[in-house]
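Peer 1: Pasting start-v2.tsv here (TSV, C-alpha atoms):
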```
chain	number	residue	atom	x	y	z
A	1	MET	CA	3.00	4.36	6.81
A	2	HIS	CA	3.77	0.75	6.63
A	3	VAL	CA	2.15	-2.52	7.25
A	4	ARG	CA	3.82	-4.03	10.24
A	5	CYS	CA	5.30	-7.30	9.26
A	6	CYS	CA	5.46	-9.17	12.50
A	7	ASP	CA	2.55	-8.61	14.79
A	8	PRO	CA	2.85	-10.82	17.83
A	9	ASP	CA	-0.07	-13.03	16.96
A	10	LEU	CA	1.84	-14.00	13.88
A	11	ILE	CA	5.14	-14.37	15.67
A	12	THR	CA	3.66	-17.17	17.71
A	13	ALA	CA	3.31	-19.17	14.54
A	14	PRO	CA	6.30	-21.32	13.63
A	15	GLN	CA	7.53	-18.99	10.95
A	16	TYR	CA	11.25	-19.38	11.40
A	17	THR	CA	13.53	-22.31	11.60
A	18	ALA	CA	17.07	-22.90	12.69
A	19	SER	CA	18.19	-21.97	9.21
A	20	THR	CA	16.67	-18.52	9.47
A	21	PRO	CA	18.99	-15.76	10.68
A	22	ARG	CA	17.44	-14.29	13.80
A	23	GLY	CA	20.20	-12.64	15.75
A	24	PRO	CA	19.74	-9.09	16.95
A	25	VAL	CA	19.82	-6.48	14.23
A	26	SER	CA	20.42	-2.74	14.31
A	27	ASP	CA	18.91	-1.17	11.29
A	28	TYR	CA	16.29	1.19	9.99
A	29	LEU	CA	13.22	-0.98	10.06
A	30	TYR	CA	10.37	1.30	11.06
A	31	TYR	CA	9.77	5.01	11.26
A	32	ASP	CA	10.76	5.00	14.89
A	33	VAL	CA	10.85	8.18	16.91
A	34	LYS	CA	12.28	8.80	20.35
A	35	ILE	CA	9.88	10.37	22.81
A	36	ASP	CA	11.55	12.72	25.28
A	37	SER	CA	8.66	12.72	27.72
A	38	VAL	CA	4.90	12.73	27.98
A	39	LYS	CA	2.75	15.41	29.56
A	40	VAL	CA	-0.78	14.69	30.74
A	41	ASN	CA	-2.72	17.85	31.61
A	42	ASN	CA	0.59	19.70	31.39
A	43	GLN	CA	2.15	17.52	34.06
A	44	THR	CA	5.17	15.52	32.99
A	45	PHE	CA	4.27	11.91	33.39
A	46	SER	CA	7.02	9.65	34.58
A	47	ILE	CA	7.00	6.31	32.82
A	48	GLY	CA	10.60	5.54	33.44
A	49	LYS	CA	12.30	4.78	30.19
A	50	VAL	CA	10.08	6.35	27.56
A	51	PRO	CA	10.31	4.03	24.60
A	52	GLN	CA	10.95	4.81	21.01
A	53	MET	CA	7.74	4.42	19.11
A	54	SER	CA	6.87	3.50	15.54
A	55	LEU	CA	4.78	5.76	13.38
A	56	ASP	CA	2.08	3.65	11.80
A	57	SER	CA	-0.79	5.39	10.11
A	58	ARG	CA	-2.50	2.07	9.55
A	59	GLN	CA	-3.11	1.69	13.25
A	60	LEU	CA	-5.80	3.87	14.70
A	61	TYR	CA	-4.66	3.51	18.29
A	62	ASN	CA	-1.49	4.42	20.12
A	63	TYR	CA	0.13	1.44	21.79
A	64	VAL	CA	2.03	2.67	24.82
A	65	PRO	CA	3.35	1.28	28.11
A	66	TYR	CA	0.53	0.06	30.34
A	67	GLU	CA	1.22	2.63	33.04
A	68	MET	CA	0.98	5.44	30.54
A	69	ALA	CA	-2.28	4.20	29.03
A	70	LYS	CA	-3.73	3.80	32.51
A	71	ALA	CA	-2.67	7.28	33.62
A	72	ILE	CA	-4.15	8.90	30.52
A	73	ALA	CA	-7.41	6.97	30.92
A	74	GLU	CA	-7.72	8.01	34.54
A	75	ALA	CA	-7.21	11.65	33.59
A	76	TYR	CA	-10.49	11.74	31.66
A	77	SER	CA	-13.54	13.19	33.39
A	78	PRO	CA	-15.15	10.84	34.20
A	79	PRO	CA	-12.14	8.51	34.31
A	80	GLY	CA	-11.74	5.71	31.81
A	81	VAL	CA	-11.21	2.16	32.97
A	82	GLU	CA	-9.25	-0.85	31.82
A	83	SER	CA	-11.20	-3.30	29.74
A	84	TYR	CA	-10.61	-6.32	27.58
A	85	GLY	CA	-7.05	-6.78	28.76
A	86	GLN	CA	-5.10	-4.07	27.03
A	87	TRP	CA	-7.85	-1.63	26.16
A	88	PHE	CA	-9.24	1.29	28.07
A	89	VAL	CA	-12.79	2.53	27.69
A	90	GLY	CA	-14.57	5.64	28.81
A	91	ALA	CA	-17.67	7.67	28.24
A	92	CYS	CA	-17.80	8.81	24.64
A	93	ASP	CA	-18.53	12.34	25.82
A	94	ALA	CA	-15.92	12.34	28.59
A	95	ILE	CA	-13.76	15.43	28.88
A	96	PRO	CA	-10.30	14.29	27.80
A	97	PRO	CA	-7.02	15.37	29.28
A	98	THR	CA	-4.45	17.15	27.20
A	99	VAL	CA	-1.66	14.82	26.11
A	100	ASP	CA	1.61	16.18	24.78
A	101	LEU	CA	4.35	14.01	23.42
A	102	VAL	CA	7.61	15.89	23.71
A	103	ILE	CA	9.64	15.13	20.61
A	104	GLY	CA	12.96	16.79	19.90
A	105	GLY	CA	12.31	19.07	22.84
A	106	LYS	CA	9.00	20.35	21.51
A	107	PRO	CA	5.54	19.26	22.65
A	108	ILE	CA	3.24	17.82	20.02
A	109	ARG	CA	-0.29	17.78	21.40
A	110	VAL	CA	-2.64	14.98	20.52
A	111	HIS	CA	-5.61	16.67	18.91
A	112	GLU	CA	-8.68	16.91	21.10
A	113	GLY	CA	-10.73	15.33	18.35
A	114	SER	CA	-8.64	12.16	18.63
A	115	MET	CA	-9.10	11.73	22.35
A	116	ASN	CA	-12.67	10.41	22.08
A	117	ILE	CA	-13.05	7.83	19.33
A	118	ILE	CA	-16.79	8.10	19.01
A	119	GLU	CA	-16.90	5.61	16.15
A	120	THR	CA	-16.25	2.81	18.62
A	121	GLU	CA	-19.52	3.30	20.49
A	122	ASN	CA	-21.71	0.24	20.42
A	123	SER	CA	-25.47	0.24	20.79
A	124	GLY	CA	-25.64	3.75	22.10
A	125	ASN	CA	-24.14	2.78	25.45
A	126	ASN	CA	-21.90	5.85	25.54
A	127	GLN	CA	-18.82	3.66	25.96
A	128	CYS	CA	-15.91	4.31	23.64
A	129	LEU	CA	-12.44	2.91	23.32
A	130	LEU	CA	-9.73	5.38	24.26
A	131	PRO	CA	-6.93	6.15	21.80
A	132	PHE	CA	-4.11	5.18	24.16
A	133	THR	CA	-4.01	1.49	24.81
A	134	ALA	CA	-1.48	-0.76	26.49
A	135	ALA	CA	1.09	-2.46	24.28
A	136	LYS	CA	1.27	-5.48	26.50
A	137	PHE	CA	1.16	-8.06	23.80
A	138	ASP	CA	3.80	-9.89	25.77
A	139	PRO	CA	4.33	-8.37	29.22
A	140	ALA	CA	7.60	-10.26	29.61
A	141	ALA	CA	9.12	-8.96	26.42
A	142	GLU	CA	11.38	-5.95	26.45
A	143	ASP	CA	10.94	-5.22	22.79
A	144	ASN	CA	7.20	-4.77	22.63
A	145	PHE	CA	6.03	-2.68	19.75
A	146	TYR	CA	5.06	0.79	20.77
A	147	VAL	CA	3.06	2.59	18.13
A	148	LEU	CA	1.93	6.10	17.40
A	149	GLY	CA	-1.07	5.56	15.20
A	150	ALA	CA	-3.50	7.64	13.22
A	151	SER	CA	-5.07	9.10	16.35
A	152	PHE	CA	-1.71	10.76	17.06
A	153	LEU	CA	-1.22	11.78	13.45
A	154	GLN	CA	-4.53	13.67	13.26
A	155	GLU	CA	-4.21	17.41	12.70
A	156	ILE	CA	-0.44	17.44	12.59
A	157	VAL	CA	1.96	17.27	9.67
A	158	ALA	CA	4.39	14.38	9.79
A	159	VAL	CA	7.27	14.55	7.35
A	160	VAL	CA	9.45	11.56	6.57
A	161	ASP	CA	12.82	12.34	5.02
A	162	VAL	CA	14.31	9.13	3.67
A	163	SER	CA	17.36	10.79	2.15
A	164	GLU	CA	20.70	10.23	3.82
A	165	LYS	CA	19.35	12.50	6.59
A	166	MET	CA	16.81	9.88	7.72
A	167	GLU	CA	14.77	12.39	9.69
A	168	LEU	CA	11.24	12.86	10.93
A	169	LYS	CA	9.62	16.25	11.29
A	170	PHE	CA	6.44	17.08	13.15
A	171	ALA	CA	4.40	20.24	13.40
A	172	MET	CA	0.95	21.01	14.70
A	173	ARG	CA	-1.47	22.41	12.17
A	174	THR	CA	-2.72	25.94	12.56
A	175	ASP	CA	-5.06	26.09	9.59
B	1	MET	CA	3.25	16.25	-5.92
B	2	GLN	CA	0.62	17.15	-3.43
B	3	SER	CA	-2.72	15.51	-3.43
B	4	LYS	CA	-5.66	14.76	-1.26
B	5	PHE	CA	-5.20	11.06	-0.83
B	6	PRO	CA	-4.71	10.12	-4.44
B	7	ARG	CA	-5.92	6.86	-5.76
B	8	ALA	CA	-3.01	4.53	-6.36
B	9	THR	CA	-3.49	2.43	-9.42
B	10	HIS	CA	-1.60	-0.29	-11.14
B	11	GLY	CA	-1.65	-1.15	-14.78
B	12	THR	CA	-1.11	-4.33	-16.65
B	13	VAL	CA	1.68	-6.74	-15.94
B	14	PRO	CA	4.63	-5.81	-18.17
B	15	HIS	CA	7.02	-8.51	-17.01
B	16	ALA	CA	6.95	-12.18	-17.65
B	17	ASP	CA	7.57	-12.87	-13.99
B	18	GLY	CA	4.23	-11.35	-13.21
B	19	ARG	CA	5.42	-9.27	-10.32
B	20	SER	CA	6.05	-5.86	-11.88
B	21	TYR	CA	3.36	-3.30	-12.46
B	22	SER	CA	3.10	0.29	-13.47
B	23	VAL	CA	2.07	2.18	-10.37
B	24	THR	CA	0.60	5.66	-10.41
B	25	VAL	CA	0.24	7.78	-7.32
B	26	GLY	CA	-1.19	11.21	-7.98
B	27	ASN	CA	0.56	12.38	-11.14
B	28	LEU	CA	3.68	10.29	-10.67
B	29	THR	CA	4.02	6.98	-12.47
B	30	ILE	CA	6.56	4.28	-11.85
B	31	PRO	CA	6.61	2.24	-15.04
B	32	LYS	CA	7.95	-0.95	-13.54
B	33	GLN	CA	7.32	-1.55	-9.89
B	34	GLU	CA	7.35	-4.76	-7.95
B	35	ILE	CA	4.59	-4.70	-5.39
B	36	GLY	CA	2.90	-7.17	-3.15
B	37	LEU	CA	-0.80	-7.36	-3.84
B	38	ILE	CA	-2.23	-8.01	-0.43
B	39	TYR	CA	-5.13	-10.36	-0.02
B	40	LEU	CA	-4.69	-11.12	3.67
B	41	THR	CA	-3.37	-9.07	6.55
B	42	ASN	CA	-3.20	-9.52	10.27
B	43	GLY	CA	-5.69	-7.06	11.63
B	44	GLY	CA	-8.46	-6.30	9.20
B	45	GLY	CA	-9.73	-3.53	11.40
B	46	THR	CA	-8.36	-1.70	14.35
B	47	GLY	CA	-8.83	-3.26	17.72
B	48	GLY	CA	-11.45	-5.56	16.35
B	49	ASN	CA	-13.47	-2.72	14.97
B	50	PRO	CA	-14.43	-2.94	11.33
B	51	PHE	CA	-13.11	0.40	10.20
B	52	LEU	CA	-13.14	0.81	6.50
B	53	THR	CA	-9.94	-0.07	4.72
B	54	SER	CA	-10.18	0.46	1.00
B	55	GLY	CA	-6.57	-0.24	0.20
B	56	VAL	CA	-3.05	-0.22	1.51
B	57	LEU	CA	-0.14	1.68	0.00
B	58	GLY	CA	2.97	0.52	1.76
B	59	LEU	CA	5.51	3.26	2.40
B	60	GLY	CA	7.78	1.19	4.56
B	61	LEU	CA	11.53	1.13	4.59
B	62	PRO	CA	13.31	-1.18	2.16
B	63	GLN	CA	14.82	-3.28	4.94
B	64	LEU	CA	11.38	-4.76	5.53
B	65	SER	CA	10.45	-5.11	1.90
B	66	HIS	CA	11.31	-8.34	0.23
B	67	VAL	CA	9.72	-11.20	-1.57
B	68	TYR	CA	10.33	-14.91	-1.61
B	69	THR	CA	10.83	-16.72	-4.84
B	70	GLY	CA	9.27	-19.82	-3.40
B	71	ARG	CA	6.57	-20.44	-0.87
B	72	ASP	CA	8.81	-21.31	2.07
B	73	PRO	CA	10.21	-18.17	3.76
B	74	SER	CA	12.51	-20.27	5.93
B	75	ILE	CA	14.80	-20.79	2.94
B	76	PRO	CA	17.16	-17.79	3.11
B	77	GLY	CA	18.25	-18.09	-0.50
B	78	ASP	CA	14.72	-17.50	-1.64
B	79	LYS	CA	14.63	-14.03	-0.12
B	80	VAL	CA	14.93	-11.25	-2.69
B	81	SER	CA	15.03	-7.52	-2.06
B	82	TYR	CA	13.65	-5.00	-4.50
B	83	ALA	CA	13.29	-1.24	-4.87
B	84	THR	CA	10.20	-0.16	-3.00
B	85	VAL	CA	7.49	2.24	-4.09
B	86	THR	CA	9.01	4.80	-1.73
B	87	GLN	CA	12.45	4.42	-3.26
B	88	ASN	CA	11.22	4.61	-6.82
B	89	LEU	CA	8.95	7.56	-6.14
B	90	ALA	CA	11.96	9.31	-4.61
B	91	LYS	CA	13.72	9.03	-7.95
B	92	LEU	CA	10.85	10.93	-9.56
B	93	THR	CA	10.79	13.67	-6.95
B	94	LYS	CA	12.56	14.28	-3.63
B	95	PRO	CA	13.06	11.51	-1.08
B	96	VAL	CA	10.52	13.03	1.26
B	97	PHE	CA	6.90	12.26	1.91
B	98	SER	CA	4.46	13.58	4.42
B	99	LEU	CA	1.07	12.99	5.91
B	100	ALA	CA	-1.44	15.50	7.16
B	101	LEU	CA	-4.36	13.49	8.45
B	102	SER	CA	-7.69	14.87	9.48
B	103	ARG	CA	-11.13	13.48	10.16
B	104	ASN	CA	-12.19	16.02	7.56
B	105	GLU	CA	-11.32	14.36	4.29
B	106	ASP	CA	-10.89	17.73	2.58
B	107	ARG	CA	-8.14	18.54	5.06
B	108	SER	CA	-6.26	15.26	4.63
B	109	PHE	CA	-3.15	15.17	2.50
B	110	PHE	CA	-0.47	12.78	1.44
B	111	ALA	CA	2.42	14.61	-0.19
B	112	LEU	CA	5.35	13.20	-2.12
B	113	GLY	CA	8.50	15.28	-2.48
B	114	GLY	CA	7.57	17.83	0.14
B	115	VAL	CA	4.94	18.96	2.58
B	116	PRO	CA	1.26	19.64	1.97
B	117	PRO	CA	-0.06	23.19	1.64
B	118	VAL	CA	-1.25	23.63	5.19
B	119	ALA	CA	-0.28	26.16	7.82
B	120	THR	CA	1.65	24.80	10.77
B	121	GLY	CA	3.51	25.88	13.82
B	122	GLU	CA	7.21	25.32	14.15
B	123	TYR	CA	8.55	21.94	13.09
B	124	THR	CA	10.54	19.72	15.36
B	125	THR	CA	13.12	17.51	13.69
B	126	VAL	CA	14.45	14.25	15.05
B	127	PRO	CA	16.41	11.35	13.59
B	128	ILE	CA	14.67	8.15	12.65
B	129	GLN	CA	15.71	5.64	15.27
B	130	LYS	CA	17.32	2.41	14.33
B	131	VAL	CA	15.87	-0.72	15.83
B	132	ILE	CA	17.75	-3.30	17.81
B	133	LYS	CA	15.61	-6.34	18.22
B	134	ALA	CA	15.34	-9.95	17.32
B	135	GLN	CA	15.02	-10.74	13.69
B	136	TYR	CA	12.03	-12.69	12.54
B	137	ALA	CA	11.19	-14.29	9.28
B	138	CYS	CA	8.06	-12.74	7.92
B	139	PRO	CA	6.44	-14.55	5.06
B	140	LEU	CA	4.12	-12.80	2.68
B	141	LEU	CA	1.02	-14.68	3.62
```
What's the structure tokens form of this structure?

Peer 2:
Amino acid sequence: MHVRCCDPDLITAPQYTASTPRGPVSDYLYYDVKIDSVKVNNQTFSIGKVPQMSLDSRQLYNYVPYEMAKAIAEAYSPPGVESYGQWFVGACDAIPPTVDLVIGGKPIRVHEGSMNIIETENSGNNQCLLPFTAAKFDPAAEDNFYVLGASFLQEIVAVVDVSEKMELKFAMRTD
Amino acid sequence: MQSKFPRATHGTVPHADGRSYSVTVGNLTIPKQEIGLIYLTNGGGTGGNPFLTSGVLGLGLPQLSHVYTGRDPSIPGDKVSYATVTQNLAKLTKPVFSLALSRNEDRSFFALGGVPPVATGEYTTVPIQKVIKAQYACPLL
């Protein structure tokens, strides 16, 4: 729903100077949503402090804490494995786990059709990138961007209310 | 307005400053809209994969939408805010928009002023979270 302004690869460029205000801010910047918990195969997955995540339809993938991406990958049959640093890959025809993000007390299930991104297969090797990847752009940073991308937004309705309410609504499609 | 991913178009430049366009999304037209015409982004695909991107309609919050009157974003005085597409579309309808994405293009909707005509289960409603983090200068590259 927005083009993220400051991806980390750009932040490393000398884009600000001493004259640029860069103290901490508290403001509405992204369509950020608080995740109550995550369930993998109906088991609540403990990832400690579940971060607030930004809705970003421009991103295909979901950028989540490393431990969460790893746990989801390993719940595929056959299990997915870590690859290329922050990515996880698995068989394109692997049986995916169910993944529910509990938002506002209600589970929103990631659609089964988003759990195998078959478009990422190269050369017929039956290896596909998985939709949950680790957001470890900077492992030392506490304010990594966590993103719910288009693979989360598939087959749900996401409503953004930018009136004074400033609310997000989610529902799973039944049509 | 409800539409299956309408084509967003812009008309001729009505202002001498060259930054305002008429923008039409679905059947709603903003006669004078300042927009950034993107010719370079960070991340042309997703994860290095060349997925097709045929255009970008920014629906971001106004706090991240600004332009610089010069070419050096480190000069604070050059930073100018403006009413975004989202804000101006809200004046034409309700300040609500929604997405219903599907791999099936015929089932994909972007709705302004309400929700698309699809059946759903019960909605969950949560507040948009504010962000507390360092502030970076972000030039329009």

Peer 1: Taking (4.0, 5.3, 13.6) as a centre in this file's frame and 12 Å as the limit, can you find every polymer residue with an atom that close, using only C-alpha atoms, and give them as an NGL selection string?

Peer 2: (:A and (1-4 or 29-34 or 52-64 or 145-154 or 158-160 or 168)) or (:B and (59-60 or 99 or 128-129))

Peer 1: By how many Å are CA of Ser114 (chain A) and CA of Pro131 (chain A) apart?

Peer 2: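 Computed distance, CA of Ser114 (chain A) to CA of Pro131 (chain A), equals 7.0 Å.
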
Peer 1: Within 7 Å of Ile156 (chain A), counting all atoms listed in the file, which residues show up once you throw out same-chain ones fewer than 3 positions away? Write them as JSON, numbers by chain, please.

Peer 2: {"A": [153, 170, 171, 172, 173], "B": [100, 101]}

Peer 1: For chain B, list the residues within 7 Å of chain A, counting all atoms listed in the file, and write the list as number ranges by chain.

Peer 2: B: 46, 58-61, 63-64, 74, 76, 95-102, 115, 118-138

Peer 1: Find the residues near Gln33 (chain B): any atom within 7 Å, counting all atoms listed in the file, skip ones fewer than 6 places away on the same chain, and give them as a ChimeraX atom specification.

Peer 2: /B:20-23,85

Peer 1: To one decimal place, how far is CA of Thr98 (chain A) from CA of Asn41 (chain A) in Å?

Peer 2: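 So the two atoms, CA of Thr98 (chain A) and CA of Asn41 (chain A), lie 4.8 Å apart.
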
Peer 1: How many Å lie between CA of Ala134 (chain A) and CA of Ser46 (chain A), rounded to one decimal?

Peer 2: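 Interatomic distance here is 15.7 Å.
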
Peer 1: Considering all atoms listed in the file, can you say which of A:Ala69, A:Ala135, A:Leu101, A:Met115 comes closest to Glu82 (chain A)?

Peer 2: A:Ala69

Peer 1: Please list as a list in words every residue within 12 Å of Glu74 (chain A), counting all atoms listed in the file and excluding residues in the same chain fewer than 3 positions away.

Peer 2: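 Contacts, with the query itself left out: Val40, Asn41, Glu67, Met68, Ala69, Lys70, Ala71, Ser77, Pro78, Pro79, Gly80, Val81, Glu82, Phe88, Val89, Gly90, Ala91, Ala94, Ile95, Pro96, Pro97, Leu130 and Phe132 of chain A.
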
Peer 1: Write the residues of the selection above to a file with C-alpha atoms, as a short mmCIF file (atom, residue, chain, number, x, y, z; two decimals), in the coordinates of the input.

Peer 2:
```
data_model
loop_
_atom_site.label_atom_id
_atom_site.label_comp_id
_atom_site.auth_asym_id
_atom_site.auth_seq_id
_atom_site.Cartn_x
_atom_site.Cartn_y
_atom_site.Cartn_z
CA VAL A 40 -0.78 14.69 30.74
CA ASN A 41 -2.72 17.85 31.61
CA GLU A 67 1.22 2.63 33.04
CA MET A 68 0.98 5.44 30.54
CA ALA A 69 -2.28 4.20 29.03
CA LYS A 70 -3.73 3.80 32.51
CA ALA A 71 -2.67 7.28 33.62
CA SER A 77 -13.54 13.19 33.39
CA PRO A 78 -15.15 10.84 34.20
CA PRO A 79 -12.14 8.51 34.31
CA GLY A 80 -11.74 5.71 31.81
CA VAL A 81 -11.21 2.16 32.97
CA GLU A 82 -9.25 -0.85 31.82
CA PHE A 88 -9.24 1.29 28.07
CA VAL A 89 -12.79 2.53 27.69
CA GLY A 90 -14.57 5.64 28.81
CA ALA A 91 -17.67 7.67 28.24
CA ALA A 94 -15.92 12.34 28.59
CA ILE A 95 -13.76 15.43 28.88
CA PRO A 96 -10.30 14.29 27.80
CA PRO A 97 -7.02 15.37 29.28
CA LEU A 130 -9.73 5.38 24.26
CA PHE A 132 -4.11 5.18 24.16
#
```

Peer 1: Please put the answer as AutoDock Vina command-line options: centre and edge lengths, in Å with one decimal, of a box along x, y and z that encloses all listed atoms of region 90-102 of chain B plus 4 Å on each side.

Peer 2:
```
--center_x 3.0 --center_y 12.3 --center_z 0.0 --size_x 29.4 --size_y 14.5 --size_z 27.0
```

Peer 1: In terms of the shortest atom-to-atom distance over only C-alpha atoms, which of B:His66, B:Tyr82, B:Ile35, B:Leu57 is closest to Phe110 (chain B)?

Peer 2: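 Checking each candidate against Phe110 (chain B), we get B:Leu57 as the closest.
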
Peer 1: Name the closest residue to Lys91 (chain B) among the candidates B:Gly113, B:Pro62, B:Glu34, B:Asn27; distances are taken between atoms, counting all atoms listed in the file.

Peer 2: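 Closest to Lys91 (chain B) of all the choices is B:Gly113.
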